[in-house]
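S.K.: Sending over a structure as structure tokens; questions will come in a sec.
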There are 2 protein chains.
Amino acid sequence: MDQRRLRCKELEEKVMSAEEAAQFIKPGMTVGTSGFTPAGYPKAVPLELAKRAENGEELKLTIMTGASVGPEIDARLAESGAMVRRYPYQTNGTSRKKINEGSVKYVDMHLSHSSQQIKAGFLGPVHVAIIEAVAITKDGGIVPSTSVGNSNIYVEKAEKVIVEINTSQPLELEGTHDIYDIPLPPHRKPIPLTKVDQRIGVPYIPCDPDKIVAIVETDITDKSRPVAPIDEISEKMAKNLIEFLSNEVKENRLPENLLPLQSGVGSVANAVLAGLANSPFEHLTVFSEVLQDSVFSLIDCGKVDFASGTSITLSPEKLETFPEDIKRFKDKIILRPQEISNNPGLARRLGVIAMNTALEVDIYGNVNSTHVSGTRMMNGIGGSGDFTRGGYLSIFTTASTAKGGAVSSIVPMVSHIDHTEHDTMVIVTEQGVADLRGLDPVERAECLIEKCAHPDYKDQLRGYLEEALQHKGKHTPHNLEKALSWYTRLAETGTMKES
Amino acid sequence: MDQRRLRCKELEEKVMSAEEAAQFIKPGMTVGTSGFTPAGYPKAVPLELAKRAENGEELKLTIMTGASVGPEIDARLAESGAMVRRYPYQTNGTSRKKINEGSVKYVDMHLSHSSQQIKAGFLGPVHVAIIEAVAITKDGGIVPSTSVGNSNIYVEKAEKVIVEINTSQPLELEGTHDIYDIPLPPHRKPIPLTKVDQRIGVPYIPCDPDKIVAIVETDITDKSRPVAPIDEISEKMAKNLIEFLSNEVKENRLPENLLPLQSGVGSVANAVLAGLANSPFEHLTVFSEVLQDSVFSLIDCGKVDFASGTSITLSPEKLETFPEDIKRFKDKIILRPQEISNNPGLARRLGVIAMNTALEVDIYGNVNSTHVSGTRMMNGIGGSGDFTRGGYLSIFTTASTAKGGAVSSIVPMVSHIDHTEHDTMVIVTEQGVADLRGLDPVERAECLIEKCAHPDYKDQLRGYLEEALQHKGKHTPHNLEKALSWYTRLAETGTMKES
């Protein structure tokens, strides 16, 4: 193997094929992998595990990651039946199907909680860690690739460590990572981070070389996904959100260069970040999980000074020039463990502006981020709760309708709650902005209906509120017989609209 | 006035009657007061405001506090119509009635969020602060009485400050407070606190003497409430909880002296703390909001080494000997601003064991802490969210039934959610302990039904789950037509039991 990639002499004898390395993983084990979004996750060894399962071996593995990973894990291991339990996040179509059939047990966690719960042993032992790396240092330190996620936790916690050295990942990534370990209580000290661009750790994951049982070379690329073009609705939402932020600056509730931005993944997030390129804001910073195309564009156009995250996930187009581009971006980005990138205490200290996507919002400001009609898992809560609860401002975006207008994203009572009324400050749709700060439940309902609901649903929502106000309990008025009727109507008639 | 109480010469001319001081408060103003539980809140000036409202003046005040306060504010100002809006917590019967009638607008907030949102101006200006104190230092520093709450925020933010020097509060309280200011982002540094007993601030609220417009002397006592005797159900819950903690120590997931304890207010909390007196645990510490009788008993019996909170609220019995007792407890307790006592980042750093009370829990682990049948406000979320989300362990206690068995506290879907499935680790009833860590929704449901539900409701809950599993979406199975039917049945038939 290339000596620039494997610098630890004593580990040379551990180099083996993916098939051999996969033999360390036995049925019933818990495997912790690198990866956060389809970036920096191991590919070669998981593919071998899938093959074993496809050949009839009953692997029944528990898979823990940073967040979502690529299809080599969440499609192949789910489809083959190798994976029976999954923590703490996923976005893959195949794993989603298995989860909603009930054949994969999925535990949807705050991503910053996953780190400490794994470390504390709340989720049981981690038998083997599989970590994608660009290099191993001479002391056995693992230099991650395009994400950090929970890799440092798995390396520490696992009995055995398998490293996939991926030669498709540029070695120039070395130096972008900042690994800082948080011990368990009662041994915790203040995390010294006070600025987005501050380095507080080391650029590799420290690892006792004796723990590394296998090193596998591979060149399978991150399975990046194209960025959806920005549609008219997303553009309107972005415009509304940026107007809101501008007004906060005008009212002296935000500094002129705002505060560190966190943004979820997806087309609205992309539209918002694209909108910032044409905004008057300058010297912006990003303190987020995932650094996508738009963040790099904002750095290139001089709007963003620095971006901190735990993962770089690029479109296929951007991925192509990444080995060259990383040289330019290297001193403008940091990748941190998700226990740091998603730390609610740091989000609060830095004063993050949290911008995340809601599936639906109810008139009292409760947000459903995860469950379609209350029962079917879409992706998971991811880091949205970490940033929403900890941030200075919490903003949720959603188009006011879905399914061609058959579904209203503003409903009387959401079918599942991920973010409560106590945590959601501002809701943005293409219709407008509902600033819920300081409003009581009935005021919130009036504001959300007037500012955010689609005109097709306003009367129906007003009707619900008026009727609910006739019932006992006028603080958060509800008619519990009808509160969830919009979903049953949708299931029966194909639309939430009253006939 | 006693020169030991008022040490700032230039402020002597500001001494006046409560009636005169109340004149600084004009209709439509926002008033920020001291107080957290019926402890350390101003009494004399609010009573004058109530009189004015009773005499027909339309005051329409917004009242912001630390948390709940005594009847001089939440009963008299609500009843008289002087108060039309209330932040961020209350527990009073009269204000509750007004809130549920819709005549007082109540915004129920995470108590640690209230501090920063007020400071950031998210809730508008604060015109006048009224702070109860035991003394004013020679530089105008305000020495709080039995609570700190948001007093430091109101003193900083308000245009004018009224101080009530309460001679019924022992001057010996001076030195128990530790006031530490957190600036707004982007100016925040790490809060240096790493141990429960650590002092990081000053023992008074710094205040420019020019800002103090009135000083009122009063001797109206804190309206403390008797502690309910511990019943059999609470005792069983406490026993179950302590067994759970003992097992965590055995499994090496907790140190032998546990981690700092946070406990909500009420009879179960009291039973748990009383149970600790007879437990094998030693050298315990408390990092909580409210220090009640039981905390002082645990200090006296040598079980608790140190307790940090933002308020001391005692039974009438304990209050009587408090001026003498405080001398003994003074070096074993600290009262901090609620932005520190309730800081989720500190709860996480210290590894707090959060123990709070649920009104009801659903089979998937979502907790309702606030709304009876989804619409009627009981008290509010208080600090439970701060500690639950930030803590190392999050535990909720509830009796398995209420209303003589007519209400099951374990239901298919809670009618309001304050703590989501992502945040609740352990549920304790008198029936047993459901350890939900690492379980997927269906496993959680099975565990909660078997371990925590009352035998009278187990079959009914199992029936709901089985039927829900026949529906689409087997990750979090629900039958949305029946999910809330337990409440409508209760309203119609007087019981949640199926006939």
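In the structure tokens, the first chain shown is A, the next is B, and so on; residue numbers restart at 1 for each chain, and ligands run from 1 in the order shown.
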Against chain B, which residues of chain A fall within 7 Å? For each one I want the closest pair of atoms and the distance in Å (one decimal), counting only C-alpha atoms, rows by chain and increasing residue number, as CSV.

M.R.:
residue,atom,partner,partner_atom,distance
A:Ile99,CA,B:His475,CA,6.0
A:Asn100,CA,B:His475,CA,4.9
A:Glu101,CA,B:Lys474,CA,5.5
A:Gly102,CA,B:Lys474,CA,5.2
A:Lys105,CA,B:Asp440,CA,5.8
A:Tyr106,CA,B:Asp440,CA,5.6
A:Val107,CA,B:Asp440,CA,4.9
A:Met109,CA,B:His422,CA,5.7
A:His110,CA,B:His422,CA,6.6
A:Ala120,CA,B:Arg253,CA,6.3
A:Gly121,CA,B:Arg253,CA,6.9
A:Phe122,CA,B:Arg437,CA,6.4
A:Leu123,CA,B:Gly438,CA,5.2
A:Pro185,CA,B:Gly351,CA,5.2
A:Pro186,CA,B:Leu350,CA,6.0
A:Arg188,CA,B:Arg349,CA,5.6
A:Lys189,CA,B:Thr194,CA,6.1
A:Pro190,CA,B:Pro190,CA,6.1
A:Pro192,CA,B:Pro190,CA,6.5
A:Thr194,CA,B:Lys189,CA,6.1
A:Arg253,CA,B:Ala120,CA,6.3
A:Leu259,CA,B:Pro186,CA,7.0
A:Pro344,CA,B:Gly345,CA,6.8
A:Gly345,CA,B:Gly345,CA,4.2
A:Arg349,CA,B:Arg188,CA,5.6
A:Leu350,CA,B:Pro185,CA,5.9
A:Gly351,CA,B:Pro185,CA,5.2
A:Thr375,CA,B:Thr476,CA,4.7
A:Arg376,CA,B:Gly473,CA,4.4
A:Met377,CA,B:His475,CA,6.5
A:Ile417,CA,B:Thr420,CA,6.8
A:Asp418,CA,B:Thr420,CA,6.1
A:Thr420,CA,B:Asp418,CA,6.2
A:His422,CA,B:Met109,CA,5.7
A:Arg437,CA,B:Phe122,CA,6.4
A:Gly438,CA,B:Leu123,CA,5.2
A:Leu439,CA,B:Val107,CA,6.5
A:Asp440,CA,B:Val107,CA,4.9
A:Gly473,CA,B:Arg376,CA,4.4
A:Lys474,CA,B:Asn100,CA,5.0
A:His475,CA,B:Asn100,CA,4.9
A:Thr476,CA,B:Thr375,CA,4.7
A:Pro477,CA,B:Thr375,CA,5.4
A:His478,CA,B:Thr375,CA,6.1
A:Leu480,CA,B:Leu484,CA,6.5
A:Glu481,CA,B:Thr488,CA,6.8
A:Leu484,CA,B:Leu480,CA,6.6
A:Thr488,CA,B:Glu481,CA,6.7

S.K.: Would you save the residues from that selection as a CSV table (one decimal), in the first residue's frame, using C-alpha atoms?

M.R.:
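Result file result-v2.csv:
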chain,number,residue,atom,x,y,z
A,99,ILE,CA,-38.2,-0.1,8.8
A,100,ASN,CA,-41.8,0.6,7.8
A,101,GLU,CA,-42.4,-3.1,7.2
A,102,GLY,CA,-41.1,-3.7,10.7
A,105,LYS,CA,-35.6,-2.1,14.1
A,106,TYR,CA,-34.7,1.5,13.8
A,107,VAL,CA,-34.0,3.9,16.8
A,109,MET,CA,-32.0,9.6,17.9
A,110,HIS,CA,-30.7,13.1,18.4
A,120,ALA,CA,-21.9,5.4,28.1
A,121,GLY,CA,-22.9,1.8,27.1
A,122,PHE,CA,-26.6,2.7,26.9
A,123,LEU,CA,-26.9,0.9,23.6
A,185,PRO,CA,-19.3,12.7,33.3
A,186,PRO,CA,-18.1,13.4,36.0
A,188,ARG,CA,-16.1,16.7,31.7
A,189,LYS,CA,-14.5,20.1,31.3
A,190,PRO,CA,-15.8,23.0,29.3
A,192,PRO,CA,-13.0,25.4,24.8
A,194,THR,CA,-15.8,29.9,21.2
A,253,ARG,CA,-31.7,41.3,17.4
A,259,LEU,CA,-24.7,34.4,13.7
A,344,PRO,CA,-26.5,21.8,21.8
A,345,GLY,CA,-24.4,23.6,24.4
A,349,ARG,CA,-22.9,29.3,23.1
A,350,LEU,CA,-22.2,30.3,19.5
A,351,GLY,CA,-25.8,31.4,19.0
A,375,THR,CA,-46.7,6.0,11.5
A,376,ARG,CA,-44.3,5.8,8.5
A,377,MET,CA,-40.7,6.8,9.1
A,417,ILE,CA,-44.1,15.5,17.2
A,418,ASP,CA,-40.3,15.8,17.0
A,420,THR,CA,-42.6,20.8,20.5
A,422,HIS,CA,-41.6,25.2,23.2
A,437,ARG,CA,-41.9,34.2,19.6
A,438,GLY,CA,-43.8,35.3,22.7
A,439,LEU,CA,-47.2,34.3,21.4
A,440,ASP,CA,-49.6,32.1,23.3
A,473,GLY,CA,-59.8,24.2,27.8
A,474,LYS,CA,-59.2,27.4,25.8
A,475,HIS,CA,-55.5,27.5,26.3
A,476,THR,CA,-54.7,25.1,23.6
A,477,PRO,CA,-58.1,24.5,22.0
A,478,HIS,CA,-58.7,21.2,20.4
A,480,LEU,CA,-60.0,15.6,20.1
A,481,GLU,CA,-62.6,13.8,18.0
A,484,LEU,CA,-56.5,13.9,13.6
A,488,THR,CA,-58.1,9.8,8.1

S.K.: For Pro203 (chain B), find every residue with an atom within 9 Å (counting only C-alpha atoms), except residues of its own chain fewer than 4 positions away, and show them as a ChimeraX atom specification.

M.R.: /B:141-144,174-179

S.K.: The selected residues should be written to file as an mmCIF file, in the first residue's frame (atoms: C-alpha atoms).

M.R.:
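Here's the written file selection08.cif:
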data_model
loop_
_atom_site.group_PDB
_atom_site.id
_atom_site.type_symbol
_atom_site.label_atom_id
_atom_site.label_comp_id
_atom_site.auth_asym_id
_atom_site.auth_seq_id
_atom_site.Cartn_x
_atom_site.Cartn_y
_atom_site.Cartn_z
ATOM 1 C CA GLY B 141 -25.762 45.555 44.264
ATOM 2 C CA ILE B 142 -28.990 43.691 44.967
ATOM 3 C CA VAL B 143 -28.706 40.696 47.301
ATOM 4 C CA PRO B 144 -31.602 38.367 46.395
ATOM 5 C CA GLU B 174 -26.243 36.793 51.782
ATOM 6 C CA GLY B 175 -23.401 34.748 50.394
ATOM 7 C CA THR B 176 -25.523 31.844 49.147
ATOM 8 C CA HIS B 177 -26.083 33.454 45.734
ATOM 9 C CA ASP B 178 -23.678 33.217 42.830
ATOM 10 C CA ILE B 179 -24.571 35.630 40.043
#

S.K.: Give me, as a ChimeraX atom specification, all polymer residues having an atom no more than 12 Å from Lys239 (chain A), counting only C-alpha atoms and skipping those fewer than 2 positions away in the same chain.

M.R.: /A:232-237,241-246,268-269,271-279,397,428-433

S.K.: Write out as a ChimeraX atom specification each polymer residue whose atoms come within 8 Å of Pro226 (chain A), counting only C-alpha atoms; drop sequence neighbours fewer than 6 positions from it.

M.R.: /A:314-317

S.K.: Determine which residues of region 136-334 of chain A receive a DSSP assignment of alpha helix (DSSP H), computed from the backbone, and state them as number ranges by chain.

M.R.: A: 151-157, 232-250, 267-277, 293-300, 316-329

S.K.: Can you list, as a PyMOL selection string, every protein, DNA or RNA residue that comes within 12 Å of Cys452 (chain A) when you count only C-alpha atoms, leaving out same-chain residues fewer than 4 positions away?

M.R.: chain A and resi 237+240+360-363+365+396-401+408-411+426-436+444-448+456-458+461

S.K.: Give me the residues within 12 Å of Thr310 (chain A) as a ChimeraX atom specification, counting only C-alpha atoms and dropping any in the same chain fewer than 3 places off.

M.R.: /A:34-37,39-40,66-67,111-112,144-152,176-179,262,286-292,307,313,333-343,383

S.K.: Suppose you want the space between CA of Ser115 (chain A) and CA of Lys157 (chain A); what is it in Å?

M.R.: 10.6 Å

S.K.: Fewer than 3 positions away in the same chain doesn't count, so skip those; otherwise give me all residues within 9 Å of Glu13 (chain A), counting only C-alpha atoms, as a list of chain:residue names.

M.R.: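 Selected residues are A:Lys9, A:Glu10, A:Met16, A:Ala214, A:Ile215.
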
S.K.: Work out how far CA of Gly380 (chain A) is from CA of Ala53 (chain A), in Å to one decimal.

M.R.: 26.1 Å

S.K.: Using only C-alpha atoms, which of A:Thr91, A:Val414, A:Glu172, A:Phe281 sits nearest Tyr364 (chain A)?

M.R.: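 Nearest to Tyr364 (chain A): A:Val414.
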
S.K.: Take CA of Gln3 (chain B) and CA of Ala135 (chain B) and report the distance between them in Å, one decimal.

M.R.: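 Going from CA of Gln3 (chain B) over to CA of Ala135 (chain B) covers 9.1 Å.
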
S.K.: Let's see if you can do this: from backbone DSSP, list all strand (DSSP E) residues in region 118-240 of chain B, as a list of chain:residue names.

M.R.: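 Answer for region 118-240 of chain B, restricted to strand (DSSP E): B:Val128, B:Ala129, B:Ile130, B:Ile131, B:Glu132, B:Ala133, B:Val134, B:Ala135, B:Ile136, B:Ile142, B:Val143, B:Pro144, B:Lys160, B:Val161, B:Ile162, B:Val163, B:Glu164, B:Ile165, B:Asn166, B:Ile212, B:Val213, B:Ala214, B:Ile215, B:Val216, B:Glu217, B:Thr218.
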
S.K.: The selected residues should be written to file as an mmCIF file, in the first residue's frame (atoms: C-alpha atoms).

M.R.:
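Written out: out.cif:
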data_model
loop_
_atom_site.group_PDB
_atom_site.id
_atom_site.type_symbol
_atom_site.label_atom_id
_atom_site.label_comp_id
_atom_site.auth_asym_id
_atom_site.auth_seq_id
_atom_site.Cartn_x
_atom_site.Cartn_y
_atom_site.Cartn_z
ATOM 1 C CA VAL B 128 -39.957 47.799 35.215
ATOM 2 C CA ALA B 129 -38.238 45.128 37.299
ATOM 3 C CA ILE B 130 -39.467 44.373 40.835
ATOM 4 C CA ILE B 131 -36.904 42.414 42.810
ATOM 5 C CA GLU B 132 -37.186 41.065 46.333
ATOM 6 C CA ALA B 133 -33.917 41.424 48.207
ATOM 7 C CA VAL B 134 -32.476 40.890 51.659
ATOM 8 C CA ALA B 135 -30.115 43.841 51.221
ATOM 9 C CA ILE B 136 -28.606 46.405 48.856
ATOM 10 C CA ILE B 142 -28.990 43.691 44.967
ATOM 11 C CA VAL B 143 -28.706 40.696 47.301
ATOM 12 C CA PRO B 144 -31.602 38.367 46.395
ATOM 13 C CA LYS B 160 -36.425 51.043 36.023
ATOM 14 C CA VAL B 161 -35.835 48.812 39.041
ATOM 15 C CA ILE B 162 -37.957 48.617 42.187
ATOM 16 C CA VAL B 163 -36.428 46.728 45.120
ATOM 17 C CA GLU B 164 -38.528 45.211 47.877
ATOM 18 C CA ILE B 165 -36.359 44.703 50.930
ATOM 19 C CA ASN B 166 -38.060 41.923 52.818
ATOM 20 C CA ILE B 212 -33.183 51.910 41.164
ATOM 21 C CA VAL B 213 -36.245 54.182 41.309
ATOM 22 C CA ALA B 214 -37.839 52.875 44.475
ATOM 23 C CA ILE B 215 -37.016 50.855 47.568
ATOM 24 C CA VAL B 216 -39.887 49.399 49.557
ATOM 25 C CA GLU B 217 -39.593 47.743 52.937
ATOM 26 C CA THR B 218 -41.893 44.820 53.635
#
